[in-house]
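Asks: What follows is input.pdb; its format and atoms are PDB, C-alpha atoms and all ligand atoms.
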```
ATOM      1  CA  MET A  29       0.000   0.000   0.000
ATOM      2  CA  SER A  30       1.359   3.438  -0.891
ATOM      3  CA  GLU A  31       2.237   5.871   1.875
ATOM      4  CA  ARG A  32      -0.736   8.079   1.054
ATOM      5  CA  LEU A  33      -3.227   5.207   1.034
ATOM      6  CA  ALA A  34      -1.734   3.908   4.277
ATOM      7  CA  ALA A  35      -2.349   7.320   5.866
ATOM      8  CA  GLN A  36      -5.992   7.218   4.716
ATOM      9  CA  ALA A  37      -6.375   3.690   6.052
ATOM     10  CA  GLY A  38      -4.991   4.891   9.382
ATOM     11  CA  THR A  39      -7.532   7.706   9.498
ATOM     12  CA  LEU A  40     -10.386   5.286   8.796
ATOM     13  CA  ALA A  41      -9.130   2.858  11.414
ATOM     14  CA  GLY A  42      -9.003   5.735  13.925
ATOM     15  CA  LEU A  43     -12.617   6.651  13.139
ATOM     16  CA  ALA A  44     -13.642   3.005  13.566
ATOM     17  CA  ARG A  45     -11.891   2.826  16.966
ATOM     18  CA  ARG A  46     -13.839   5.878  18.132
ATOM     19  CA  GLY A  47     -17.099   4.418  16.795
ATOM     20  CA  ARG A  48     -17.321   7.232  14.250
ATOM     21  CA  LEU A  49     -16.865   5.317  11.014
ATOM     22  CA  ARG A  50     -20.038   5.769   9.024
ATOM     23  CA  ALA A  51     -21.481   3.048   6.829
ATOM     24  CA  LEU A  52     -24.624   2.615   4.800
ATOM     25  CA  SER A  53     -27.281   0.599   6.545
ATOM     26  CA  GLY A  54     -30.294  -1.262   5.246
ATOM     27  CA  ARG A  55     -33.780   0.137   5.626
ATOM     28  CA  ALA A  56     -35.668  -1.006   8.671
ATOM     29  CA  GLY A  57     -38.476   0.142  10.928
ATOM     30  CA  VAL A  58     -40.979   2.930  10.454
ATOM     31  CA  ASP A  59     -39.797   5.931   8.425
ATOM     32  CA  PHE A  60     -39.694   9.076  10.543
ATOM     33  CA  ALA A  61     -36.391  10.288   9.153
ATOM     34  CA  SER A  62     -36.453  10.470   5.369
ATOM     35  CA  ASN A  63     -37.582  13.317   3.121
ATOM     36  CA  ASP A  64     -40.351  11.208   1.592
ATOM     37  CA  TYR A  65     -42.832  13.256   3.621
ATOM     38  CA  LEU A  66     -45.925  12.144   1.757
ATOM     39  CA  GLY A  67     -44.865   8.515   1.357
ATOM     40  CA  LEU A  68     -45.117   8.828  -2.418
ATOM     41  CA  ALA A  69     -41.764   7.325  -3.420
ATOM     42  CA  ALA A  70     -43.126   3.798  -3.721
ATOM     43  CA  SER A  71     -46.723   4.736  -4.426
ATOM     44  CA  PRO A  72     -48.634   3.037  -7.256
ATOM     45  CA  ALA A  73     -49.285   6.439  -8.841
ATOM     46  CA  MET A  74     -45.568   7.255  -9.126
ATOM     47  CA  THR A  75     -44.773   3.780 -10.416
ATOM     48  CA  ALA A  76     -47.532   4.008 -13.016
ATOM     49  CA  ALA A  77     -46.309   7.431 -14.167
ATOM     50  CA  ALA A  78     -42.776   6.116 -14.693
ATOM     51  CA  GLN A  79     -44.024   2.967 -16.403
ATOM     52  CA  GLY A  80     -46.344   4.993 -18.630
ATOM     53  CA  ALA A  81     -43.475   7.191 -19.817
ATOM     54  CA  LEU A  82     -41.334   4.165 -20.657
ATOM     55  CA  GLU A  83     -44.203   2.478 -22.461
ATOM     56  CA  ARG A  84     -44.812   5.625 -24.520
ATOM     57  CA  GLY A  85     -41.207   5.275 -25.647
ATOM     58  CA  GLU A  86     -39.808   8.318 -23.880
ATOM     59  CA  PRO A  87     -36.000   8.111 -23.840
ATOM     60  CA  VAL A  88     -34.364   7.326 -20.496
ATOM     61  CA  GLY A  89     -31.580   9.825 -21.123
ATOM     62  CA  SER A  90     -31.439  13.177 -22.893
ATOM     63  CA  GLY A  91     -28.361  12.298 -24.929
ATOM     64  CA  GLY A  92     -26.800  15.691 -24.383
ATOM     65  CA  SER A  93     -27.105  19.190 -23.034
ATOM     66  CA  ARG A  94     -30.499  20.744 -23.585
ATOM     67  CA  LEU A  95     -28.752  23.609 -25.352
ATOM     68  CA  LEU A  96     -27.641  21.170 -28.028
ATOM     69  CA  ARG A  97     -29.643  18.006 -28.866
ATOM     70  CA  GLY A  98     -30.909  17.171 -25.380
ATOM     71  CA  ASN A  99     -34.042  19.290 -25.187
ATOM     72  CA  HIS A 100     -37.211  17.175 -25.309
ATOM     73  CA  PRO A 101     -40.942  17.952 -25.416
ATOM     74  CA  GLU A 102     -41.224  16.120 -22.058
ATOM     75  CA  HIS A 103     -38.890  18.690 -20.482
ATOM     76  CA  GLU A 104     -40.903  21.536 -21.878
ATOM     77  CA  ALA A 105     -44.223  19.990 -20.851
ATOM     78  CA  LEU A 106     -42.903  19.477 -17.324
ATOM     79  CA  GLU A 107     -41.674  23.055 -17.095
ATOM     80  CA  ALA A 108     -44.936  24.437 -18.406
ATOM     81  CA  GLU A 109     -46.884  22.339 -15.918
ATOM     82  CA  ALA A 110     -44.614  23.375 -13.041
ATOM     83  CA  GLY A 111     -44.925  27.037 -14.027
ATOM     84  CA  GLY A 112     -48.713  26.703 -13.996
ATOM     85  CA  PHE A 113     -48.701  24.840 -10.695
ATOM     86  CA  PHE A 114     -46.484  27.341  -8.900
ATOM     87  CA  GLY A 115     -48.284  30.308 -10.458
ATOM     88  CA  SER A 116     -45.119  31.594 -12.102
ATOM     89  CA  GLU A 117     -44.442  32.718 -15.617
ATOM     90  CA  GLY A 118     -41.818  30.071 -16.096
ATOM     91  CA  ALA A 119     -39.988  27.265 -14.375
ATOM     92  CA  GLY A 120     -36.607  25.781 -15.162
ATOM     93  CA  PHE A 121     -35.565  22.278 -14.113
ATOM     94  CA  TRP A 122     -32.189  20.934 -13.044
ATOM     95  CA  PRO A 123     -31.222  17.361 -12.138
ATOM     96  CA  THR A 124     -30.909  18.214  -8.421
ATOM     97  CA  GLY A 125     -31.506  21.066  -6.016
ATOM     98  CA  PHE A 126     -27.779  21.320  -5.553
ATOM     99  CA  ALA A 127     -27.306  21.887  -9.290
ATOM    100  CA  ALA A 128     -30.155  24.405  -9.412
ATOM    101  CA  ILE A 129     -28.663  26.454  -6.605
ATOM    102  CA  SER A 130     -25.211  26.347  -8.149
ATOM    103  CA  ALA A 131     -26.646  27.564 -11.436
ATOM    104  CA  LEU A 132     -28.631  30.297  -9.739
ATOM    105  CA  ARG A 133     -25.703  31.466  -7.711
ATOM    106  CA  ALA A 134     -23.473  31.495 -10.733
ATOM    107  CA  THR A 135     -25.986  33.866 -12.324
ATOM    108  CA  VAL A 136     -25.352  36.431  -9.619
ATOM    109  CA  ARG A 137     -22.178  37.364 -11.338
ATOM    110  CA  LEU A 138     -22.375  41.067 -11.007
ATOM    111  CA  ARG A 139     -19.724  42.176  -8.626
ATOM    112  CA  ARG A 140     -22.019  45.001  -7.615
ATOM    113  CA  ASP A 141     -24.695  42.629  -6.226
ATOM    114  CA  ALA A 142     -24.628  41.263  -2.710
ATOM    115  CA  ILE A 143     -26.225  38.146  -1.191
ATOM    116  CA  PHE A 144     -27.564  38.240   2.345
ATOM    117  CA  ALA A 145     -28.159  34.678   3.490
ATOM    118  CA  ASP A 146     -29.591  33.196   6.643
ATOM    119  CA  ALA A 147     -26.806  31.429   8.540
ATOM    120  CA  LEU A 148     -28.816  28.188   8.719
ATOM    121  CA  ILE A 149     -29.415  27.931   5.017
ATOM    122  CA  HIS A 150     -28.814  24.515   3.434
ATOM    123  CA  ALA A 151     -25.273  23.343   2.623
ATOM    124  CA  SER A 152     -26.026  23.557  -1.099
ATOM    125  CA  MET A 153     -26.622  27.300  -0.698
ATOM    126  CA  HIS A 154     -23.339  27.697   1.144
ATOM    127  CA  GLU A 155     -21.583  25.923  -1.713
ATOM    128  CA  GLY A 156     -23.445  28.089  -4.198
ATOM    129  CA  LEU A 157     -22.339  31.233  -2.407
ATOM    130  CA  LYS A 158     -18.756  30.279  -3.088
ATOM    131  CA  LEU A 159     -19.518  30.227  -6.826
ATOM    132  CA  SER A 160     -20.976  33.693  -6.902
ATOM    133  CA  LYS A 161     -18.786  36.667  -7.603
ATOM    134  CA  ALA A 162     -21.146  38.835  -5.581
ATOM    135  CA  ALA A 163     -20.241  39.732  -2.000
ATOM    136  CA  HIS A 164     -22.075  37.575   0.508
ATOM    137  CA  TYR A 165     -22.963  37.891   4.138
ATOM    138  CA  LEU A 166     -24.370  35.347   6.607
ATOM    139  CA  LEU A 167     -26.990  36.758   8.946
ATOM    140  CA  PRO A 168     -28.227  35.411  12.286
ATOM    141  CA  HIS A 169     -31.010  32.870  11.847
ATOM    142  CA  ASN A 170     -34.469  34.352  11.233
ATOM    143  CA  ASP A 171     -33.334  37.796  12.403
ATOM    144  CA  VAL A 172     -35.290  40.233  10.223
ATOM    145  CA  ALA A 173     -33.825  43.334  11.863
ATOM    146  CA  ALA A 174     -30.286  42.066  11.253
ATOM    147  CA  MET A 175     -31.137  41.383   7.599
ATOM    148  CA  ASP A 176     -32.597  44.876   7.214
ATOM    149  CA  ALA A 177     -29.628  46.521   8.920
ATOM    150  CA  ALA A 178     -27.068  44.540   6.896
ATOM    151  CA  ILE A 179     -28.615  45.583   3.583
ATOM    152  CA  ALA A 180     -28.924  49.194   4.749
ATOM    153  CA  ALA A 181     -25.277  49.206   5.856
ATOM    154  CA  TRP A 182     -24.180  47.723   2.528
ATOM    155  CA  ARG A 183     -26.091  50.434   0.637
ATOM    156  CA  ALA A 184     -24.721  53.153   2.911
ATOM    157  CA  SER A 185     -21.208  51.939   2.236
ATOM    158  CA  GLY A 186     -21.714  52.371  -1.504
ATOM    159  CA  GLY A 187     -23.373  49.063  -2.511
ATOM    160  CA  MET A 188     -24.783  49.771  -5.967
ATOM    161  CA  GLY A 189     -26.178  46.510  -7.331
ATOM    162  CA  THR A 190     -29.081  44.304  -6.332
ATOM    163  CA  PRO A 191     -29.269  42.898  -2.825
ATOM    164  CA  TRP A 192     -30.429  39.269  -2.662
ATOM    165  CA  ILE A 193     -32.055  37.770   0.402
ATOM    166  CA  ALA A 194     -31.516  33.990   0.519
ATOM    167  CA  VAL A 195     -33.587  31.942   2.959
ATOM    168  CA  GLU A 196     -35.438  28.668   3.312
ATOM    169  CA  SER A 197     -39.173  28.838   3.897
ATOM    170  CA  LEU A 198     -38.964  25.869   6.287
ATOM    171  CA  TYR A 199     -35.614  24.965   7.810
ATOM    172  CA  SER A 200     -34.925  21.263   7.882
ATOM    173  CA  MET A 201     -32.493  21.256  10.775
ATOM    174  CA  ASP A 202     -34.556  23.147  13.345
ATOM    175  CA  GLY A 203     -37.951  22.643  11.753
ATOM    176  CA  ASP A 204     -38.829  26.339  12.062
ATOM    177  CA  PHE A 205     -40.347  28.641   9.447
ATOM    178  CA  ALA A 206     -38.762  31.790   8.020
ATOM    179  CA  PRO A 207     -40.588  35.051   8.772
ATOM    180  CA  LEU A 208     -41.314  35.362   5.069
ATOM    181  CA  ALA A 209     -43.818  38.224   5.218
ATOM    182  CA  ALA A 210     -41.451  40.400   7.252
ATOM    183  CA  LEU A 211     -38.507  39.506   5.010
ATOM    184  CA  ALA A 212     -40.593  40.380   1.960
ATOM    185  CA  GLN A 213     -41.153  43.833   3.458
ATOM    186  CA  VAL A 214     -37.412  44.215   3.909
ATOM    187  CA  ALA A 215     -36.961  43.151   0.278
ATOM    188  CA  ALA A 216     -39.519  45.696  -0.887
ATOM    189  CA  ARG A 217     -37.877  48.457   1.164
ATOM    190  CA  HIS A 218     -34.471  47.821  -0.391
ATOM    191  CA  ASP A 219     -35.640  46.773  -3.872
ATOM    192  CA  ALA A 220     -34.057  43.412  -3.133
ATOM    193  CA  LEU A 221     -34.716  40.051  -4.750
ATOM    194  CA  MET A 222     -35.562  37.079  -2.585
ATOM    195  CA  LEU A 223     -34.420  33.552  -3.249
ATOM    196  CA  VAL A 224     -36.592  31.244  -1.197
ATOM    197  CA  ASP A 225     -35.659  27.572  -0.946
ATOM    198  CA  GLU A 226     -38.969  25.758  -0.600
ATOM    199  CA  ALA A 227     -37.395  22.286  -0.481
ATOM    200  CA  HIS A 228     -39.146  21.224   2.695
ATOM    201  CA  ALA A 229     -42.419  23.046   2.093
ATOM    202  CA  THR A 230     -43.078  21.917  -1.479
ATOM    203  CA  GLY A 231     -45.906  19.409  -1.613
ATOM    204  CA  VAL A 232     -46.630  19.854   2.070
ATOM    205  CA  PHE A 233     -47.272  23.507   2.964
ATOM    206  CA  GLY A 234     -49.014  26.426   1.313
ATOM    207  CA  PRO A 235     -52.047  26.344  -0.961
ATOM    208  CA  GLY A 236     -52.220  22.889  -2.563
ATOM    209  CA  GLY A 237     -48.649  22.172  -1.460
ATOM    210  CA  ARG A 238     -47.267  24.982  -3.609
ATOM    211  CA  GLY A 239     -45.005  26.208  -0.829
ATOM    212  CA  LEU A 240     -45.154  29.085   1.603
ATOM    213  CA  VAL A 241     -44.293  31.871  -0.799
ATOM    214  CA  GLY A 242     -47.717  31.367  -2.358
ATOM    215  CA  ASN A 243     -49.172  33.353   0.524
ATOM    216  CA  LEU A 244     -47.063  36.472  -0.053
ATOM    217  CA  ALA A 245     -48.230  39.571  -1.840
ATOM    218  CA  ASN A 246     -45.090  40.892  -3.563
ATOM    219  CA  ARG A 247     -44.156  37.712  -5.362
ATOM    220  CA  ASP A 248     -42.686  39.647  -8.256
ATOM    221  CA  GLN A 249     -39.520  40.036  -6.189
ATOM    222  CA  ILE A 250     -39.177  36.358  -5.418
ATOM    223  CA  ILE A 251     -37.509  33.362  -7.036
ATOM    224  CA  THR A 252     -38.414  30.042  -5.473
ATOM    225  CA  LEU A 253     -36.581  26.749  -5.490
ATOM    226  CA  HIS A 254     -38.695  23.583  -5.360
ATOM    227  CA  THR A 255     -36.729  20.384  -4.973
ATOM    228  CA  CYS A 256     -38.398  17.133  -6.017
ATOM    229  CA  GLY A 257     -36.480  14.846  -3.669
ATOM    230  CA  GLN A 258     -38.666  15.615  -0.656
ATOM    231  CA  GLY A 259     -42.475  15.832  -0.823
ATOM    232  CA  ALA A 260     -42.492  15.075  -4.548
ATOM    233  CA  ALA A 261     -40.626  11.826  -3.866
ATOM    234  CA  GLY A 262     -38.419  11.852  -6.935
ATOM    235  CA  MET A 263     -35.339  13.805  -7.833
ATOM    236  CA  ALA A 264     -34.606  17.088  -9.672
ATOM    237  CA  ALA A 265     -35.538  20.640  -8.773
ATOM    238  CA  CYS A 266     -37.081  23.649 -10.389
ATOM    239  CA  CYS A 267     -36.756  27.375  -9.973
ATOM    240  CA  ALA A 268     -39.826  29.499 -10.514
ATOM    241  CA  CYS A 269     -39.831  33.248 -11.157
ATOM    242  CA  HIS A 270     -42.905  35.145 -10.112
ATOM    243  CA  HIS A 271     -44.046  38.313 -11.765
ATOM    244  CA  ALA A 272     -47.110  40.325 -10.939
ATOM    245  CA  ASP A 273     -48.821  42.940 -13.097
ATOM    246  CA  ASP A 274     -47.490  45.737 -15.285
ATOM    247  CA  GLN A 275     -47.527  48.226 -12.431
ATOM    248  CA  THR A 276     -45.262  46.178 -10.248
ATOM    249  CA  THR A 277     -42.829  44.801 -12.781
ATOM    250  CA  GLY A 278     -41.615  48.172 -14.030
ATOM    251  CA  GLY A 279     -38.333  47.929 -12.187
ATOM    252  CA  THR A 280     -38.131  44.272 -11.448
ATOM    253  CA  HIS A 281     -34.907  42.374 -11.650
ATOM    254  CA  THR A 282     -35.259  38.889 -12.898
ATOM    255  CA  GLN A 283     -32.975  36.001 -13.549
ATOM    256  CA  ARG A 284     -32.594  34.151 -16.739
ATOM    257  CA  MET A 285     -31.103  30.731 -16.684
ATOM    258  CA  ASP A 286     -30.538  28.632 -19.673
ATOM    259  CA  THR A 287     -31.408  25.019 -19.230
ATOM    260  CA  ASP A 288     -28.073  23.718 -18.078
ATOM    261  CA  GLY A 289     -27.252  26.816 -16.113
ATOM    262  CA  ARG A 290     -24.086  27.550 -18.042
ATOM    263  CA  ARG A 291     -24.975  30.827 -19.688
ATOM    264  CA  ASN A 292     -26.897  33.222 -17.541
ATOM    265  CA  GLN A 293     -27.637  36.860 -17.125
ATOM    266  CA  THR A 294     -29.372  39.212 -14.748
ATOM    267  CA  CYS A 295     -31.510  41.965 -16.145
ATOM    268  CA  LEU A 296     -33.633  44.875 -15.143
ATOM    269  CA  GLY A 297     -36.721  45.287 -17.244
ATOM    270  CA  GLN A 298     -40.348  45.757 -18.074
ATOM    271  CA  ARG A 299     -43.011  43.091 -18.051
ATOM    272  CA  GLU A 300     -42.331  41.891 -21.596
ATOM    273  CA  GLN A 301     -38.665  41.628 -20.861
ATOM    274  CA  ALA A 302     -39.352  39.870 -17.598
ATOM    275  CA  GLN A 303     -41.634  37.396 -19.290
ATOM    276  CA  ALA A 304     -39.068  36.616 -21.936
ATOM    277  CA  GLN A 305     -36.324  36.310 -19.376
ATOM    278  CA  CYS A 306     -38.297  33.959 -17.210
ATOM    279  CA  GLN A 307     -39.000  31.501 -19.960
ATOM    280  CA  PRO A 308     -36.838  28.459 -19.420
TER
HETATM  281  C1  LIG B   1     -33.259  22.923   1.984
HETATM  282  C2  LIG B   1     -32.604  22.131   0.910
HETATM  283  N1  LIG B   1     -32.237  22.771  -0.212
HETATM  284  C3  LIG B   1     -31.622  22.117  -1.227
HETATM  285  C4  LIG B   1     -31.363  20.767  -1.141
HETATM  286  C5  LIG B   1     -30.626  20.092  -2.265
HETATM  287  O1  LIG B   1     -31.481  19.291  -2.986
HETATM  288  P1  LIG B   1     -30.944  17.988  -3.773
HETATM  289  O2  LIG B   1     -30.836  16.894  -2.760
HETATM  290  O3  LIG B   1     -31.998  17.738  -4.814
HETATM  291  O4  LIG B   1     -29.626  18.359  -4.386
HETATM  292  C6  LIG B   1     -31.754  20.051  -0.008
HETATM  293  C7  LIG B   1     -31.502  18.597   0.092
HETATM  294  O5  LIG B   1     -31.738  17.941   1.055
HETATM  295  C8  LIG B   1     -32.389  20.750   1.049
HETATM  296  O6  LIG B   1     -32.740  20.135   2.186
END
```
Could you express the structure from this file as structure tokens?
Replies:
Amino acid sequence: MSERLAAQAGTLAGLARRGRLRALSGRAGVDFASNDYLGLAASPAMTAAAQGALERGEPVGSGGSRLLRGNHPEHEALEAEAGGFFGSEGAGFWPTGFAAISALRATVRLRRDAIFADALIHASMHEGLKLSKAAHYLLPHNDVAAMDAAIAAWRASGGMGTPWIAVESLYSMDGDFAPLAALAQVAARHDALMLVDEAHATGVFGPGGRGLVGNLANRDQIITLHTCGQGAAGMAACCACHHADDQTTGGTHTQRMDTDGRRNQTCLGQREQAQAQCQP
């Protein structure tokens, strides 16, 4: 064994001695721990949907990036349906929530923007923050006043771009909800965009399981992330942009993501522009 591998083996042996070596275990008992909140993963309806797609002859792989040959009517139908379901003007899908967040974060390229994230936000958001060229700040958990003050201080110190507020609607670790209505007021006050990770609310909370942002008034300033690995019992994730009426979209920033998240841009525009930008 090489010296380097021997060192790794020593580390693993040390973990085992301390009872800290982790291993995969089989499934047993009643499920109170997984993300399959609605118990749909093995449901006959999900199985039938998958079987139906295979029987219709849908391909099991895209064969390439959607920008090239990989785009398929099934993708577009799914995105249109998701957009309708979440009441947004568009929805874009990625293979996982992690990938969606990375793509979103990479879109916040403008050095003038700044991201203000709740300290307890999911690990995927923390990773995404590292990808963004925008300045980012971690704020005490669910502290609206701290969020407000941090954005105000950033502006006062010459911050010129768009502030982004990044939160989860329902935090998985502590099981508490974000004060979304109060945060939305902060966003409105500072002309900020909100990125709300609805991973743990999708399918479970809000009108018809659409998530908790559905209850807010100023949804034109909000981008939501809906992962499919929790309540929806599958995998993948979509981002939905919400735009209200002509009066409110006059100065709205919106994000455009191409389907594989590689070429992105942020824009400031009117309703028509916003609509075009939000199309996946
Ligand atoms: C709050 C939250 N956001 C994002 C993700 C990432 O989703 P995925 O597992 O689809 O990459 C998770 C995964 O558990 C999550 O809990």
Asks: Which residues of chain A come within 10 Å of ligand LIG 1 (chain B), and what is each one's closest atom pair and distance in Å (one decimal), counting all atoms listed in the file, sorted by chain and residue number, as CSV?
Replies:
```
residue,atom,partner,partner_atom,distance
A:Ser62,CA,B:LIG1,O5,9.8
A:Asn63,CA,B:LIG1,O5,7.7
A:Trp122,CA,B:LIG1,O3,8.8
A:Pro123,CA,B:LIG1,O3,7.4
A:Thr124,CA,B:LIG1,O3,3.8
A:Gly125,CA,B:LIG1,O1,3.5
A:Phe126,CA,B:LIG1,O4,3.7
A:Ala127,CA,B:LIG1,O4,6.5
A:Ala128,CA,B:LIG1,O4,7.9
A:Ile129,CA,B:LIG1,C3,7.5
A:Ser130,CA,B:LIG1,O4,9.9
A:Leu148,CA,B:LIG1,C1,9.6
A:Ile149,CA,B:LIG1,C1,7.0
A:His150,CA,B:LIG1,C1,4.9
A:Ala151,CA,B:LIG1,C3,7.5
A:Ser152,CA,B:LIG1,C3,5.8
A:Met153,CA,B:LIG1,C3,7.2
A:Val195,CA,B:LIG1,C1,9.1
A:Glu196,CA,B:LIG1,C1,6.3
A:Ser197,CA,B:LIG1,C1,8.6
A:Leu198,CA,B:LIG1,C1,7.7
A:Tyr199,CA,B:LIG1,C1,6.6
A:Ser200,CA,B:LIG1,O6,6.2
A:Met201,CA,B:LIG1,O6,8.7
A:Val224,CA,B:LIG1,C1,9.5
A:Asp225,CA,B:LIG1,N1,5.9
A:Glu226,CA,B:LIG1,C1,6.9
A:Ala227,CA,B:LIG1,C1,4.9
A:His228,CA,B:LIG1,C1,6.2
A:Ala229,CA,B:LIG1,C1,9.2
A:Leu253,CA,B:LIG1,N1,7.9
A:His254,CA,B:LIG1,N1,8.3
A:Thr255,CA,B:LIG1,O3,5.4
A:Cys256,CA,B:LIG1,O3,6.5
A:Gly257,CA,B:LIG1,O3,5.5
A:Gln258,CA,B:LIG1,O5,7.5
A:Gly262,CA,B:LIG1,O3,9.0
A:Met263,CA,B:LIG1,O3,6.0
A:Ala264,CA,B:LIG1,O3,5.6
A:Ala265,CA,B:LIG1,O3,6.1
A:Cys266,CA,B:LIG1,O3,9.6
```
Asks: Write the residues of the preceding selection, restricted to C-alpha atoms, as a CSV table (one decimal), keeping the file's coordinate frame.
Replies:
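Saved result, out.csv, follows:
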```
chain,number,residue,atom,x,y,z
A,62,SER,CA,-36.5,10.5,5.4
A,63,ASN,CA,-37.6,13.3,3.1
A,122,TRP,CA,-32.2,20.9,-13.0
A,123,PRO,CA,-31.2,17.4,-12.1
A,124,THR,CA,-30.9,18.2,-8.4
A,125,GLY,CA,-31.5,21.1,-6.0
A,126,PHE,CA,-27.8,21.3,-5.6
A,127,ALA,CA,-27.3,21.9,-9.3
A,128,ALA,CA,-30.2,24.4,-9.4
A,129,ILE,CA,-28.7,26.5,-6.6
A,130,SER,CA,-25.2,26.3,-8.1
A,148,LEU,CA,-28.8,28.2,8.7
A,149,ILE,CA,-29.4,27.9,5.0
A,150,HIS,CA,-28.8,24.5,3.4
A,151,ALA,CA,-25.3,23.3,2.6
A,152,SER,CA,-26.0,23.6,-1.1
A,153,MET,CA,-26.6,27.3,-0.7
A,195,VAL,CA,-33.6,31.9,3.0
A,196,GLU,CA,-35.4,28.7,3.3
A,197,SER,CA,-39.2,28.8,3.9
A,198,LEU,CA,-39.0,25.9,6.3
A,199,TYR,CA,-35.6,25.0,7.8
A,200,SER,CA,-34.9,21.3,7.9
A,201,MET,CA,-32.5,21.3,10.8
A,224,VAL,CA,-36.6,31.2,-1.2
A,225,ASP,CA,-35.7,27.6,-0.9
A,226,GLU,CA,-39.0,25.8,-0.6
A,227,ALA,CA,-37.4,22.3,-0.5
A,228,HIS,CA,-39.1,21.2,2.7
A,229,ALA,CA,-42.4,23.0,2.1
A,253,LEU,CA,-36.6,26.7,-5.5
A,254,HIS,CA,-38.7,23.6,-5.4
A,255,THR,CA,-36.7,20.4,-5.0
A,256,CYS,CA,-38.4,17.1,-6.0
A,257,GLY,CA,-36.5,14.8,-3.7
A,258,GLN,CA,-38.7,15.6,-0.7
A,262,GLY,CA,-38.4,11.9,-6.9
A,263,MET,CA,-35.3,13.8,-7.8
A,264,ALA,CA,-34.6,17.1,-9.7
A,265,ALA,CA,-35.5,20.6,-8.8
A,266,CYS,CA,-37.1,23.6,-10.4
```
Asks: Could you check which of A:Val214, A:Glu102, A:Ala209, A:Glu109 is closest to Glu86 in chain A, using only C-alpha atoms?
Replies: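 Closest to Glu86 in chain A, using only C-alpha atoms: A:Glu102.
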Asks: Please compute the CA of Met175 in chain A-CA of Phe144 in chain A distance, one decimal, in Å.
Replies: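 Interatomic distance, CA of Met175 in chain A to CA of Phe144 in chain A: 7.1 Å.
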Asks: Carefully work through the PyMOL selection byres (((chain A and resi 164) around 8) and not hetatm) for this structure and note down the residues it includes, as a ChimeraX atom specification.
Replies: /A:142-145,157,162-163,165-166
Asks: Applied to this file, what does the PyMOL selection byres (((chain A and resi 179) around 9) and not hetatm) return in terms of residues, put as a ChimeraX atom specification?
Replies: /A:142,144,174-178,180-184,187,191,214,218,220
Asks: Please evaluate the PyMOL selection byres (((chain A and resi 268) around 7) and not hetatm) against the displayed coordinates and give the resulting residues as a PyMOL selection string.
Replies: chain A and resi 111+116+118-120+251-253+266-267+269-270
Asks: Point out the residue among A:Ala260, A:Ala147, A:Ala105, A:Ala110 with the least atom-to-atom distance to Ala206 in chain A, counting all atoms listed in the file.
Replies: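 For Ala206 in chain A, the nearest of the given residues is A:Ala147.
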Asks: Measuring atom to atom with only C-alpha atoms, identify which of A:Gly67, A:Gly189, A:Pro101, A:Gly115 is nearest to Asp219 in chain A.
Replies: A:Gly189
Asks: Of the candidates A:Leu208, A:Gly259, A:Met74, A:Ala56, which one gets nearest to Ala245 in chain A if we count only C-alpha atoms?
Replies: A:Leu208
Asks: Which residue out of A:Asp146, A:Asp59, A:Asp141, A:Glu107 has the minimum interatomic distance to Leu221 in chain A when only C-alpha atoms are used?
Replies: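 The shortest atom-to-atom distance to Leu221 in chain A comes from A:Asp141.
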Asks: Identify which of the residues A:Gly42, A:Glu31, A:Lys158, A:Phe113 lies closest to Ala131 in chain A, counting all atoms listed in the file when measuring atom-to-atom distances.
Replies: A:Lys158
Asks: What is the distance between CA of Ala210 in chain A and CA of Gly234 in chain A, in Å to one decimal?
Replies: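 Separation of CA of Ala210 in chain A and CA of Gly234 in chain A: 17.0 Å.
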Asks: Between CA of Gly47 in chain A and CA of Leu33 in chain A, what is the spacing in Å?
Replies: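 The value is 21.0 Å.
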Asks: Could you list, as a PyMOL selection string, every residue within 9 Å of range 70-73 of chain A, counting only C-alpha atoms and ignoring same-chain residues fewer than 4 positions away?
Replies: chain A and resi 77-78+261
